[in-house]
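Heads up, model21.cif below (mmCIF, C-alpha atoms):
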```cif
data_entry
loop_
_atom_site.label_atom_id
_atom_site.label_comp_id
_atom_site.auth_asym_id
_atom_site.auth_seq_id
_atom_site.Cartn_x
_atom_site.Cartn_y
_atom_site.Cartn_z
CA MET A 762 -10.76 -141.48 -83.98
CA SER A 763 -7.05 -142.10 -84.59
CA ALA A 764 -4.80 -139.41 -86.11
CA SER A 765 -4.65 -141.22 -89.47
CA GLU A 766 -8.42 -141.06 -89.82
CA THR A 767 -8.59 -137.37 -89.13
CA LYS A 768 -7.28 -134.14 -90.56
CA LYS A 769 -6.77 -130.78 -88.94
CA VAL A 770 -8.84 -127.80 -89.96
CA HIS A 771 -7.84 -124.28 -89.00
CA PHE A 772 -10.62 -121.85 -88.01
CA LYS A 773 -10.52 -118.16 -87.20
CA VAL A 774 -13.71 -117.24 -85.38
CA TYR A 775 -14.98 -113.76 -84.55
CA ARG A 776 -15.39 -113.49 -80.80
CA TYR A 777 -17.14 -110.63 -79.07
CA ASN A 778 -19.13 -110.36 -75.90
CA PRO A 779 -20.27 -106.73 -75.54
CA ASP A 780 -20.70 -107.22 -71.79
CA THR A 781 -17.10 -108.21 -71.10
CA ASP A 782 -14.94 -107.43 -74.17
CA ALA A 783 -13.62 -103.98 -75.00
CA ALA A 784 -13.28 -104.92 -78.67
CA PRO A 785 -13.96 -107.89 -80.96
CA ARG A 786 -11.11 -110.34 -81.67
CA MET A 787 -10.45 -113.28 -83.97
CA GLN A 788 -9.76 -116.54 -82.15
CA ASP A 789 -7.85 -119.44 -83.69
CA TYR A 790 -9.10 -123.01 -83.39
CA HIS A 791 -7.65 -126.25 -84.76
CA LEU A 792 -10.20 -128.99 -85.14
CA GLU A 793 -9.74 -132.67 -85.93
CA VAL A 794 -12.35 -133.68 -88.51
CA PRO A 795 -12.85 -137.06 -90.27
CA ALA A 796 -10.43 -137.46 -93.17
CA ASP A 797 -12.51 -139.90 -95.16
CA ARG A 798 -15.65 -137.76 -95.54
CA ASP A 799 -16.65 -134.15 -95.65
CA ILE A 800 -18.72 -132.54 -92.92
CA MET A 801 -20.88 -129.47 -92.90
CA LEU A 802 -19.57 -126.28 -91.36
CA LEU A 803 -22.35 -126.29 -88.78
CA ARG A 804 -21.25 -129.74 -87.61
CA ALA A 805 -17.69 -128.39 -87.29
CA LEU A 806 -18.99 -125.43 -85.30
CA MET A 807 -20.81 -127.80 -82.94
CA MET A 808 -17.57 -129.75 -82.49
CA LEU A 809 -15.80 -126.45 -81.75
CA LYS A 810 -18.47 -125.68 -79.17
CA GLU A 811 -17.68 -129.00 -77.48
CA MET A 812 -14.07 -127.77 -77.24
CA ASP A 813 -14.98 -124.25 -76.19
CA GLY A 814 -18.44 -123.90 -74.74
CA THR A 815 -18.32 -120.10 -74.85
CA ILE A 816 -18.67 -119.83 -78.67
CA SER A 817 -22.14 -118.56 -79.58
CA PHE A 818 -23.99 -119.12 -82.84
CA ARG A 819 -27.58 -119.76 -83.90
CA ARG A 820 -28.77 -123.04 -85.34
CA SER A 821 -31.95 -125.02 -85.62
CA CYS A 822 -32.93 -127.34 -88.47
CA SER A 823 -29.39 -128.09 -89.76
CA GLU A 824 -30.65 -128.58 -93.32
CA GLY A 825 -30.97 -125.16 -94.95
CA VAL A 826 -34.64 -124.66 -94.17
CA CYS A 827 -34.84 -122.50 -91.05
CA GLY A 828 -32.24 -119.89 -92.00
CA SER A 829 -30.86 -119.59 -88.45
CA ASP A 830 -27.17 -120.10 -89.14
CA GLY A 831 -26.52 -117.38 -91.69
CA MET A 832 -22.99 -116.07 -91.22
CA ASN A 833 -20.05 -114.64 -93.10
CA ILE A 834 -17.89 -117.57 -94.22
CA ASN A 835 -14.50 -116.65 -95.70
CA GLY A 836 -15.89 -113.22 -96.61
CA ARG A 837 -19.10 -114.47 -98.20
CA ASN A 838 -22.49 -114.82 -96.52
CA GLY A 839 -23.95 -118.31 -96.40
CA LEU A 840 -25.59 -120.97 -94.27
CA ALA A 841 -23.18 -123.04 -92.16
CA CYS A 842 -25.46 -126.09 -92.33
CA ILE A 843 -25.29 -126.47 -96.12
CA THR A 844 -21.66 -125.41 -96.61
CA THR A 845 -19.11 -128.23 -96.58
CA VAL A 846 -15.84 -127.72 -94.73
CA GLY A 847 -13.98 -129.29 -97.66
CA SER A 848 -15.17 -126.59 -100.04
CA LEU A 849 -13.59 -123.83 -97.94
CA LYS A 850 -10.07 -122.43 -98.07
CA GLN A 851 -8.19 -122.54 -94.76
CA PRO A 852 -8.08 -120.85 -92.39
CA ILE A 853 -11.85 -120.79 -92.41
CA VAL A 854 -12.74 -117.28 -91.26
CA LEU A 855 -16.14 -117.01 -89.59
CA ARG A 856 -17.71 -113.65 -88.83
CA PRO A 857 -21.24 -112.54 -87.97
CA LEU A 858 -23.48 -111.23 -90.78
CA PRO A 859 -22.00 -107.86 -91.84
CA GLY A 860 -23.87 -104.66 -91.06
CA PHE A 861 -25.99 -106.18 -88.29
CA PRO A 862 -25.41 -105.33 -84.62
CA VAL A 863 -23.59 -108.16 -82.87
CA ILE A 864 -25.26 -109.64 -79.81
CA ARG A 865 -22.45 -112.10 -79.16
CA ASP A 866 -19.86 -113.85 -81.38
CA LEU A 867 -21.73 -115.04 -84.51
CA VAL A 868 -25.18 -114.10 -83.19
CA VAL A 869 -26.56 -110.85 -84.63
CA ASP A 870 -29.55 -108.68 -83.79
CA MET A 871 -32.15 -109.24 -86.54
CA ALA A 872 -34.69 -106.71 -85.19
CA GLN A 873 -34.10 -104.09 -87.90
CA PHE A 874 -34.26 -106.77 -90.60
CA TYR A 875 -37.64 -108.00 -89.29
CA ARG A 876 -38.95 -104.43 -88.97
CA GLN A 877 -38.32 -103.96 -92.70
CA TYR A 878 -39.98 -107.30 -93.41
CA GLU A 879 -42.99 -106.24 -91.36
CA LYS A 880 -43.29 -103.01 -93.37
CA ILE A 881 -44.16 -104.85 -96.59
CA LYS A 882 -47.10 -106.57 -94.85
CA PRO A 883 -46.05 -110.15 -95.55
CA TYR A 884 -49.51 -111.68 -95.60
CA LEU A 885 -52.37 -111.95 -98.06
CA GLN A 886 -54.73 -108.98 -98.09
CA ASN A 887 -58.01 -109.55 -99.83
CA ASP A 888 -61.10 -107.36 -99.44
CA ASP A 889 -63.45 -109.77 -101.22
CA PRO A 890 -65.76 -111.85 -99.03
CA ALA A 891 -64.03 -115.01 -97.86
CA PRO A 892 -65.16 -118.08 -99.84
CA ALA A 893 -66.57 -121.14 -98.10
CA GLN A 894 -63.37 -123.13 -98.43
CA GLU A 895 -60.33 -121.42 -99.91
CA ARG A 896 -59.26 -118.72 -102.39
CA LEU A 897 -58.51 -120.61 -105.58
CA GLN A 898 -55.58 -119.83 -107.84
CA SER A 899 -54.87 -121.15 -111.34
CA PRO A 900 -51.66 -123.19 -111.81
CA LYS A 901 -50.41 -120.38 -114.08
CA ASP A 902 -50.89 -117.75 -111.36
CA ARG A 903 -49.42 -120.06 -108.77
CA ALA A 904 -46.31 -120.49 -110.95
CA LYS A 905 -45.70 -116.73 -110.67
CA LEU A 906 -44.79 -117.26 -107.01
CA ASP A 907 -41.99 -119.70 -107.81
CA GLY A 908 -38.63 -118.20 -106.96
CA LEU A 909 -40.31 -115.89 -104.43
CA TYR A 910 -42.00 -117.96 -101.75
CA GLU A 911 -38.92 -120.09 -101.05
CA CYS A 912 -37.15 -117.32 -99.08
CA ILE A 913 -36.25 -118.51 -95.57
CA LEU A 914 -35.35 -115.03 -94.21
CA CYS A 915 -31.78 -116.02 -93.34
CA ALA A 916 -30.71 -112.40 -94.08
CA CYS A 917 -27.66 -113.47 -96.10
CA CYS A 918 -28.84 -111.16 -98.92
CA SER A 919 -29.73 -108.03 -96.94
CA SER A 920 -26.55 -108.40 -94.93
CA SER A 921 -24.44 -108.39 -98.10
CA CYS A 922 -26.18 -105.33 -99.52
CA PRO A 923 -24.34 -101.97 -99.06
CA SER A 924 -27.60 -100.05 -99.48
CA PHE A 925 -28.97 -101.99 -96.50
CA TRP A 926 -25.75 -101.43 -94.50
CA TRP A 927 -25.97 -97.66 -94.95
CA ASN A 928 -29.75 -97.22 -94.60
CA PRO A 929 -31.17 -100.22 -92.72
CA GLU A 930 -33.96 -98.15 -91.25
CA LYS A 931 -35.12 -96.75 -94.62
CA PHE A 932 -34.25 -99.27 -97.33
CA ILE A 933 -36.42 -102.42 -97.17
CA GLY A 934 -33.54 -104.59 -98.35
CA PRO A 935 -33.49 -107.49 -100.83
CA ALA A 936 -35.17 -110.04 -98.54
CA GLY A 937 -38.10 -107.74 -97.75
CA LEU A 938 -38.45 -106.62 -101.38
CA LEU A 939 -38.46 -110.20 -102.65
CA GLN A 940 -41.34 -110.86 -100.25
CA ALA A 941 -43.04 -107.60 -101.26
CA TYR A 942 -43.09 -108.86 -104.84
CA ARG A 943 -44.24 -112.28 -103.68
CA PHE A 944 -47.49 -110.65 -102.46
CA ILE A 945 -47.72 -108.13 -105.32
CA ALA A 946 -47.52 -111.03 -107.78
CA ASP A 947 -50.09 -113.13 -105.92
CA SER A 948 -53.39 -113.20 -107.83
CA ARG A 949 -55.28 -113.67 -104.55
CA ASP A 950 -54.05 -110.36 -103.09
CA THR A 951 -56.20 -107.31 -103.85
CA HIS A 952 -53.97 -104.65 -102.30
CA THR A 953 -51.46 -104.46 -105.18
CA GLU A 954 -51.84 -100.70 -105.80
CA GLU A 955 -51.47 -99.89 -102.12
CA ARG A 956 -48.42 -102.13 -101.83
CA LEU A 957 -46.80 -100.44 -104.83
CA SER A 958 -47.57 -96.93 -103.55
CA GLU A 959 -45.95 -97.75 -100.21
CA LEU A 960 -42.68 -98.45 -102.02
CA ASP A 961 -42.69 -95.36 -104.22
CA ASP A 962 -40.27 -93.19 -102.27
CA PRO A 963 -36.55 -92.58 -102.87
CA PHE A 964 -35.46 -95.12 -100.22
CA SER A 965 -37.69 -98.17 -99.62
CA LEU A 966 -37.23 -99.73 -103.07
CA PHE A 967 -35.26 -97.28 -105.17
CA HIS A 968 -32.12 -97.23 -103.03
CA CYS A 969 -31.21 -100.56 -104.62
CA ARG A 970 -28.30 -99.86 -106.99
CA GLY A 971 -28.56 -103.25 -108.66
CA ILE A 972 -25.12 -104.60 -107.70
CA MET A 973 -26.63 -108.08 -107.24
CA ASN A 974 -24.69 -109.13 -104.12
CA CYS A 975 -28.04 -110.51 -102.93
CA VAL A 976 -28.30 -112.83 -105.93
CA ASP A 977 -24.69 -113.91 -105.50
CA VAL A 978 -25.09 -115.07 -101.88
CA CYS A 979 -28.68 -116.36 -101.65
CA PRO A 980 -28.37 -119.96 -100.35
CA LYS A 981 -31.72 -120.83 -101.96
CA GLY A 982 -30.66 -119.53 -105.38
CA LEU A 983 -33.31 -116.79 -105.44
CA ASN A 984 -33.06 -113.52 -107.36
CA PRO A 985 -34.15 -110.45 -105.36
CA THR A 986 -32.72 -108.09 -108.02
CA ARG A 987 -35.16 -109.51 -110.58
CA ALA A 988 -38.06 -109.06 -108.14
CA ILE A 989 -36.97 -105.46 -107.50
CA GLY A 990 -36.87 -104.85 -111.26
CA LYS A 991 -40.37 -106.26 -111.63
CA ILE A 992 -41.71 -103.97 -108.86
CA ARG A 993 -40.09 -101.01 -110.64
CA SER A 994 -41.70 -102.03 -113.93
CA LEU A 995 -45.11 -102.28 -112.27
CA LEU A 996 -44.64 -98.85 -110.68
CA LEU A 997 -43.69 -97.51 -114.09
CA GLN A 998 -46.82 -99.00 -115.66
CA GLN A 999 -48.92 -97.59 -112.85
CA GLY A 1000 -47.30 -94.15 -112.89
CA THR A 1001 -47.05 -93.41 -116.63
CA MET B 1179 -43.26 -94.86 -97.06
CA VAL B 1180 -40.06 -92.97 -96.24
CA LYS B 1181 -40.28 -89.18 -96.62
CA ASN B 1182 -37.37 -87.14 -97.93
CA ALA B 1183 -37.18 -83.44 -98.73
CA THR B 1184 -33.82 -83.21 -100.47
CA SER B 1185 -34.13 -85.91 -103.14
CA TYR B 1186 -34.60 -84.54 -106.67
CA SER B 1187 -38.36 -85.00 -106.97
CA GLY B 1188 -39.25 -86.56 -103.62
CA ASN B 1189 -40.66 -89.54 -105.54
CA GLY B 1190 -38.68 -92.75 -106.02
CA LEU B 1191 -40.01 -93.67 -109.44
CA ARG B 1192 -39.59 -90.16 -110.87
CA ASP B 1193 -36.00 -89.86 -109.60
CA TRP B 1194 -35.18 -93.28 -110.99
CA LEU B 1195 -36.72 -92.48 -114.36
CA VAL B 1196 -35.08 -89.05 -114.60
CA GLN B 1197 -31.69 -90.57 -113.76
CA ARG B 1198 -31.98 -93.17 -116.50
CA VAL B 1199 -33.38 -90.85 -119.19
CA SER B 1200 -30.78 -88.18 -118.39
CA ALA B 1201 -28.03 -90.82 -118.60
CA VAL B 1202 -29.19 -91.75 -122.12
CA VAL B 1203 -29.36 -88.05 -123.15
CA LEU B 1204 -25.84 -87.39 -121.79
CA GLY B 1205 -24.51 -90.54 -123.44
CA LEU B 1206 -25.92 -89.57 -126.84
CA TYR B 1207 -24.67 -85.98 -126.47
CA MET B 1208 -21.15 -87.20 -125.62
CA ILE B 1209 -21.13 -89.59 -128.59
CA PHE B 1210 -22.31 -86.75 -130.86
CA LEU B 1211 -19.54 -84.42 -129.61
CA LEU B 1212 -16.97 -87.20 -130.02
CA VAL B 1213 -18.09 -87.81 -133.61
CA VAL B 1214 -17.86 -84.06 -134.34
CA ILE B 1215 -14.34 -83.88 -132.90
CA VAL B 1216 -13.12 -87.03 -134.70
CA SER B 1217 -14.63 -85.98 -138.03
CA HIS B 1218 -12.95 -82.54 -137.90
CA PRO B 1219 -9.25 -83.38 -137.33
CA GLY B 1220 -7.95 -79.85 -137.73
CA MET B 1221 -10.85 -78.16 -135.99
CA ASP B 1222 -10.26 -74.52 -135.10
CA TYR B 1223 -12.12 -72.12 -132.80
CA ALA B 1224 -14.24 -70.71 -135.64
CA THR B 1225 -15.61 -74.17 -136.55
CA TRP B 1226 -16.36 -74.92 -132.89
CA GLN B 1227 -18.07 -71.55 -132.46
CA GLY B 1228 -19.97 -72.04 -135.71
CA LEU B 1229 -21.32 -75.35 -134.42
CA PHE B 1230 -22.49 -73.92 -131.09
CA GLY B 1231 -23.87 -70.81 -132.84
CA GLN B 1232 -26.64 -72.82 -134.50
CA LEU B 1233 -30.02 -72.91 -132.80
CA TRP B 1234 -30.42 -76.74 -132.91
CA MET B 1235 -27.01 -77.12 -131.21
CA LYS B 1236 -28.02 -74.64 -128.53
CA VAL B 1237 -31.24 -76.56 -127.92
CA ILE B 1238 -29.57 -79.98 -127.59
CA THR B 1239 -26.82 -78.47 -125.41
CA PHE B 1240 -29.52 -76.94 -123.22
CA ILE B 1241 -31.20 -80.35 -122.89
CA ALA B 1242 -27.80 -81.91 -122.06
CA LEU B 1243 -27.15 -79.26 -119.38
CA LEU B 1244 -30.57 -79.89 -117.83
CA SER B 1245 -29.88 -83.65 -117.90
CA LEU B 1246 -26.50 -83.12 -116.24
CA PHE B 1247 -28.15 -81.02 -113.52
CA ALA B 1248 -30.78 -83.65 -112.72
CA HIS B 1249 -28.45 -86.64 -113.11
CA ALA B 1250 -25.77 -85.16 -110.85
CA TRP B 1251 -28.31 -84.12 -108.21
CA ILE B 1252 -29.83 -87.60 -107.98
CA GLY B 1253 -26.43 -89.32 -108.04
CA VAL B 1254 -24.73 -87.12 -105.46
CA TRP B 1255 -27.82 -87.19 -103.24
CA THR B 1256 -27.70 -91.00 -103.28
CA VAL B 1257 -23.99 -91.05 -102.39
CA LEU B 1258 -24.47 -88.51 -99.59
CA THR B 1259 -27.43 -90.35 -98.05
CA ASP B 1260 -25.32 -93.52 -98.08
CA TYR B 1261 -22.06 -92.22 -96.69
CA VAL B 1262 -22.76 -89.07 -94.67
CA LYS B 1263 -24.84 -90.03 -91.66
CA PRO B 1264 -25.05 -86.92 -89.41
CA THR B 1265 -27.91 -84.76 -90.68
CA CYS B 1266 -26.10 -81.58 -89.56
CA ILE B 1267 -23.32 -82.35 -92.09
CA ARG B 1268 -25.36 -84.04 -94.82
CA MET B 1269 -28.01 -81.32 -95.14
CA PRO B 1270 -25.55 -78.43 -95.74
CA LEU B 1271 -23.60 -80.65 -98.18
CA GLU B 1272 -26.78 -81.50 -100.10
CA VAL B 1273 -27.77 -77.82 -100.27
CA LEU B 1274 -24.24 -76.88 -101.35
CA VAL B 1275 -24.27 -79.47 -104.16
CA ILE B 1276 -27.71 -78.35 -105.33
CA LEU B 1277 -26.67 -74.68 -105.36
CA ALA B 1278 -23.41 -75.48 -107.20
CA LEU B 1279 -25.30 -77.53 -109.82
CA LEU B 1280 -27.81 -74.72 -110.22
CA ALA B 1281 -24.98 -72.22 -110.70
CA TYR B 1282 -23.35 -74.48 -113.33
CA LEU B 1283 -26.68 -74.83 -115.11
CA ILE B 1284 -27.36 -71.09 -115.30
CA TRP B 1285 -23.73 -70.39 -116.19
CA GLY B 1286 -23.79 -73.05 -118.92
CA ILE B 1287 -27.00 -71.69 -120.42
CA GLU B 1288 -25.59 -68.17 -120.34
CA ILE B 1289 -22.41 -69.32 -122.18
CA VAL B 1290 -24.26 -71.29 -124.85
CA TRP B 1291 -26.88 -68.58 -125.46
CA SER B 1292 -24.29 -65.79 -125.68
CA ILE B 1293 -22.60 -67.34 -128.73
#
```
Write-out of the structure in structure tokens:
Amino acid sequence: MSASETKKVHFKVYRYNPDTDAAPRMQDYHLEVPADRDIMLLRALMMLKEMDGTISFRRSCSEGVCGSDGMNINGRNGLACITTVGSLKQPIVLRPLPGFPVIRDLVVDMAQFYRQYEKIKPYLQNDDPAPAQERLQSPKDRAKLDGLYECILCACCSSSCPSFWWNPEKFIGPAGLLQAYRFIADSRDTHTEERLSELDDPFSLFHCRGIMNCVDVCPKGLNPTRAIGKIRSLLLQQGT
Amino acid sequence: MVKNATSYSGNGLRDWLVQRVSAVVLGLYMIFLLVVIVSHPGMDYATWQGLFGQLWMKVITFIALLSLFAHAWIGVWTVLTDYVKPTCIRMPLEVLVILALLAYLIWGIEIVWSI
């Protein structure tokens, strides 16, 4: 690639290796990218890794399906693989997902996030005898799951939620609550009452203050705040 | 389910509901007081005392004081559980806030009922 076919992009990347570094630092990188077309941020990160093999980040599918490359991009959580470099103001500042313990550079520890997800029992529970083939669902009931099942657990939402930052061990967080509603709303699940009762404490669900950061950053365009509101309404119907 | 002893009712739904209902009560009470003040431009102490001397005013003020007590407890509890992490500091702060709110409530009732 000649210089006329490329342009320089300035990156500031969060670097931290807990084993060797006393404190995190921001490292500058200047990358030559094609001038005639836009590339995804993940592609740019892979080019940076060719320059500096010590940069760590997660990636897998590269097309916004696996949710591995959630990170804080210019102060806003998003997926590197579906964010174009051209859409970002320079320098492009990359940090790990806020509020999560850093393992190394842009790689965070998701254990707490998954523990909260596990709490909502993210699987169908049905006490009726299993049918010969499958549990049928009407198209109308199936439509209730739209906007819920698409979550890829990238953690962009929970990591942008102050309630989750302050109480990650007690507040389920937007991702977990969206999934909680996904199973509450499922006509094939018979444990609705139990699921609702599990959330009826001052923290698990009700620590959401409704600031909608989760809705703002969700790369799949989902609305956890609406799901949280629906769970509250159901609890209200059940409890009054 | 997460257990908590210092939240207002210990139940998420009840706290949430109380906070919203008390907010509406306080909002209406404030609007009412504002209307009274605006509609009496030269209001003197006697008019003010006359208003609070009526039983219906005492009753709605009592309801507003109760709402303030519950609303402030739930709100401050939420802020403290977010921002004060060490239990040895948060617990005394929570108790202090609850006692102060209780004192304001009793004091307020005493003032209104002594008119």
Residues of chain B within 10 Å of chain A: nearest atom pair and distance (Å, one decimal) for each, counting all atoms listed in the file, sorted by chain and number, as JSON lines?
```
{"residue": "B:Met1179", "atom": "CA", "partner": "A:Glu959", "partner_atom": "CA", "distance": 5.1}
{"residue": "B:Val1180", "atom": "CA", "partner": "A:Asp962", "partner_atom": "CA", "distance": 6.0}
{"residue": "B:Lys1181", "atom": "CA", "partner": "A:Asp962", "partner_atom": "CA", "distance": 6.9}
{"residue": "B:Asn1182", "atom": "CA", "partner": "A:Pro963", "partner_atom": "CA", "distance": 7.4}
{"residue": "B:Ser1185", "atom": "CA", "partner": "A:Pro963", "partner_atom": "CA", "distance": 7.1}
{"residue": "B:Tyr1186", "atom": "CA", "partner": "A:Pro963", "partner_atom": "CA", "distance": 9.1}
{"residue": "B:Ser1187", "atom": "CA", "partner": "A:Pro963", "partner_atom": "CA", "distance": 8.8}
{"residue": "B:Gly1188", "atom": "CA", "partner": "A:Pro963", "partner_atom": "CA", "distance": 6.6}
{"residue": "B:Asn1189", "atom": "CA", "partner": "A:Asp962", "partner_atom": "CA", "distance": 4.9}
{"residue": "B:Gly1190", "atom": "CA", "partner": "A:Pro963", "partner_atom": "CA", "distance": 3.8}
{"residue": "B:Leu1191", "atom": "CA", "partner": "A:Asp961", "partner_atom": "CA", "distance": 6.1}
{"residue": "B:Arg1192", "atom": "CA", "partner": "A:Pro963", "partner_atom": "CA", "distance": 8.9}
{"residue": "B:Asp1193", "atom": "CA", "partner": "A:Pro963", "partner_atom": "CA", "distance": 7.3}
{"residue": "B:Trp1194", "atom": "CA", "partner": "A:Phe967", "partner_atom": "CA", "distance": 7.1}
{"residue": "B:Leu1195", "atom": "CA", "partner": "A:Leu997", "partner_atom": "CA", "distance": 8.6}
{"residue": "B:Ile1252", "atom": "CA", "partner": "A:Pro963", "partner_atom": "CA", "distance": 9.8}
{"residue": "B:Thr1256", "atom": "CA", "partner": "A:His968", "partner_atom": "CA", "distance": 7.6}
{"residue": "B:Thr1259", "atom": "CA", "partner": "A:Asn928", "partner_atom": "CA", "distance": 8.0}
{"residue": "B:Asp1260", "atom": "CA", "partner": "A:Trp927", "partner_atom": "CA", "distance": 5.2}
{"residue": "B:Tyr1261", "atom": "CA", "partner": "A:Trp927", "partner_atom": "CA", "distance": 6.9}
{"residue": "B:Val1262", "atom": "CA", "partner": "A:Trp927", "partner_atom": "CA", "distance": 9.2}
{"residue": "B:Lys1263", "atom": "CA", "partner": "A:Trp927", "partner_atom": "CA", "distance": 8.4}
```
Selection from above, C-alpha atoms, as an mmCIF file, in the frame of the given file, can you write it?
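The result, written out as result_22.cif:
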```
data_model
loop_
_atom_site.group_PDB
_atom_site.id
_atom_site.type_symbol
_atom_site.label_atom_id
_atom_site.label_comp_id
_atom_site.auth_asym_id
_atom_site.auth_seq_id
_atom_site.Cartn_x
_atom_site.Cartn_y
_atom_site.Cartn_z
ATOM 1 C CA MET B 1179 -43.260 -94.860 -97.060
ATOM 2 C CA VAL B 1180 -40.060 -92.970 -96.240
ATOM 3 C CA LYS B 1181 -40.280 -89.180 -96.620
ATOM 4 C CA ASN B 1182 -37.370 -87.140 -97.930
ATOM 5 C CA SER B 1185 -34.130 -85.910 -103.140
ATOM 6 C CA TYR B 1186 -34.600 -84.540 -106.670
ATOM 7 C CA SER B 1187 -38.360 -85.000 -106.970
ATOM 8 C CA GLY B 1188 -39.250 -86.560 -103.620
ATOM 9 C CA ASN B 1189 -40.660 -89.540 -105.540
ATOM 10 C CA GLY B 1190 -38.680 -92.750 -106.020
ATOM 11 C CA LEU B 1191 -40.010 -93.670 -109.440
ATOM 12 C CA ARG B 1192 -39.590 -90.160 -110.870
ATOM 13 C CA ASP B 1193 -36.000 -89.860 -109.600
ATOM 14 C CA TRP B 1194 -35.180 -93.280 -110.990
ATOM 15 C CA LEU B 1195 -36.720 -92.480 -114.360
ATOM 16 C CA ILE B 1252 -29.830 -87.600 -107.980
ATOM 17 C CA THR B 1256 -27.700 -91.000 -103.280
ATOM 18 C CA THR B 1259 -27.430 -90.350 -98.050
ATOM 19 C CA ASP B 1260 -25.320 -93.520 -98.080
ATOM 20 C CA TYR B 1261 -22.060 -92.220 -96.690
ATOM 21 C CA VAL B 1262 -22.760 -89.070 -94.670
ATOM 22 C CA LYS B 1263 -24.840 -90.030 -91.660
#
```
### Message
Which residues, named as in the file, does the PyMOL selection byres ((chain B and resi 1199) around 12) pick out? Answer as a PyMOL selection string.
### Response
chain B and resi 1192-1198+1200-1206+1241-1242+1244-1246+1248-1249
### Task
Report the distance between atom CA of Pro852 of chain A and atom CA of Ala805 of chain A in Å, rounded to one decimal place.
13.2 Å
### Query
For the file shown, what are the residues hit by the PyMOL selection byres ((chain A and resi 858) around 7), laid out as a PyMOL selection string?
chain A and resi 831-833+838+856-857+859-861+869+920
### Message
Going by the chain IDs and residue numbers used in this file, which residues fall under the PyMOL selection byres ((chain B and resi 1292) around 12)? Write them as a PyMOL selection string.
### Response
chain B and resi 1227+1230-1233+1236+1285-1291+1293
Let's have the selection written as a PDB file, keeping the file's coordinate frame, with C-alpha atoms.
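So the final result, stored in selection34.pdb, reads:
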```pdb
ATOM      1  CA  GLN B1227     -18.070 -71.550-132.460  1.00  0.00           C
ATOM      2  CA  PHE B1230     -22.490 -73.920-131.090  1.00  0.00           C
ATOM      3  CA  GLY B1231     -23.870 -70.810-132.840  1.00  0.00           C
ATOM      4  CA  GLN B1232     -26.640 -72.820-134.500  1.00  0.00           C
ATOM      5  CA  LEU B1233     -30.020 -72.910-132.800  1.00  0.00           C
ATOM      6  CA  LYS B1236     -28.020 -74.640-128.530  1.00  0.00           C
ATOM      7  CA  TRP B1285     -23.730 -70.390-116.190  1.00  0.00           C
ATOM      8  CA  GLY B1286     -23.790 -73.050-118.920  1.00  0.00           C
ATOM      9  CA  ILE B1287     -27.000 -71.690-120.420  1.00  0.00           C
ATOM     10  CA  GLU B1288     -25.590 -68.170-120.340  1.00  0.00           C
ATOM     11  CA  ILE B1289     -22.410 -69.320-122.180  1.00  0.00           C
ATOM     12  CA  VAL B1290     -24.260 -71.290-124.850  1.00  0.00           C
ATOM     13  CA  TRP B1291     -26.880 -68.580-125.460  1.00  0.00           C
ATOM     14  CA  ILE B1293     -22.600 -67.340-128.730  1.00  0.00           C
TER      15      ILE B1293
END
```
### Task
To one decimal in Å, tell me the separation between atom CA of Met801 of chain A and atom CA of Cys827 of chain A.
15.7 Å
### Task
Enter the distance from atom CA of Asp789 of chain A to atom CA of Arg776 of chain A, in Å, rounded to one decimal.
10.0 Å
Draw an axis-aligned box over all listed atoms of segment 1200-1204 of chain B, pad each side with 4 Å, and write its centre and edge lengths in Å, one decimal, as AutoDock Vina command-line options.
```
--center_x -28.3 --center_y -89.6 --center_z -120.8 --size_x 12.9 --size_y 12.4 --size_z 12.8
```
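For the choices A:Met871, A:Leu840, A:Leu957, A:Leu938, the atom-to-atom distance to Leu802 of chain A is smallest for A:Leu840 when using all atoms listed in the file.
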### Query
Which is closer to Pro785 of chain A than all the others in A:Glu824, A:Asp813, A:Glu895, A:Asp866, using only C-alpha atoms?
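So, comparing all the options, the nearest one is A:Asp866.
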### Query
What's the 9 Å shell around Leu909 of chain A, counting all atoms listed in the file, without same-chain residues fewer than 5 positions away, as a list in words?
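Residues near the query, excluding close chain neighbours: Leu939, Gln940, Tyr942, Arg943, Leu983, Asn984, Pro985 and Ala988 of chain A.
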If we count all atoms listed in the file, what is near Leu1279 of chain B at a cut-off of 8 Å, once residues fewer than 5 positions away on the same chain are taken out, given as an mmCIF file with C-alpha atoms, keeping the file's coordinate frame?
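Saved to selection_7.cif:
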```
data_model
loop_
_atom_site.group_PDB
_atom_site.id
_atom_site.type_symbol
_atom_site.label_atom_id
_atom_site.label_comp_id
_atom_site.auth_asym_id
_atom_site.auth_seq_id
_atom_site.Cartn_x
_atom_site.Cartn_y
_atom_site.Cartn_z
ATOM 1 C CA PHE B 1247 -28.150 -81.020 -113.520
ATOM 2 C CA ALA B 1250 -25.770 -85.160 -110.850
ATOM 3 C CA TRP B 1251 -28.310 -84.120 -108.210
#
```
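For the set A:Thr986, A:Ser829, A:Ser899, A:Asn835, the residue with the smallest atom-to-atom gap to Val774 of chain A is A:Asn835, counting only C-alpha atoms.
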### Summary
Between B:Leu1283, B:Val1254, B:Val1237, B:Val1213, smallest distance to Thr1184 of chain B by only C-alpha atoms belongs to B:Val1254
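Among the candidate residues B:Ala1224, B:Ile1238, B:Val1257, B:Ile1267, the one lying nearest to Met1208 of chain B is B:Ile1238, with distances computed using only C-alpha atoms.
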### Task
Can you work out which one of A:Lys882, A:Tyr790, A:Asp782, A:Ser848 has the shortest atom-to-atom distance to Ile834 of chain A, counting all atoms listed in the file?
A:Ser848
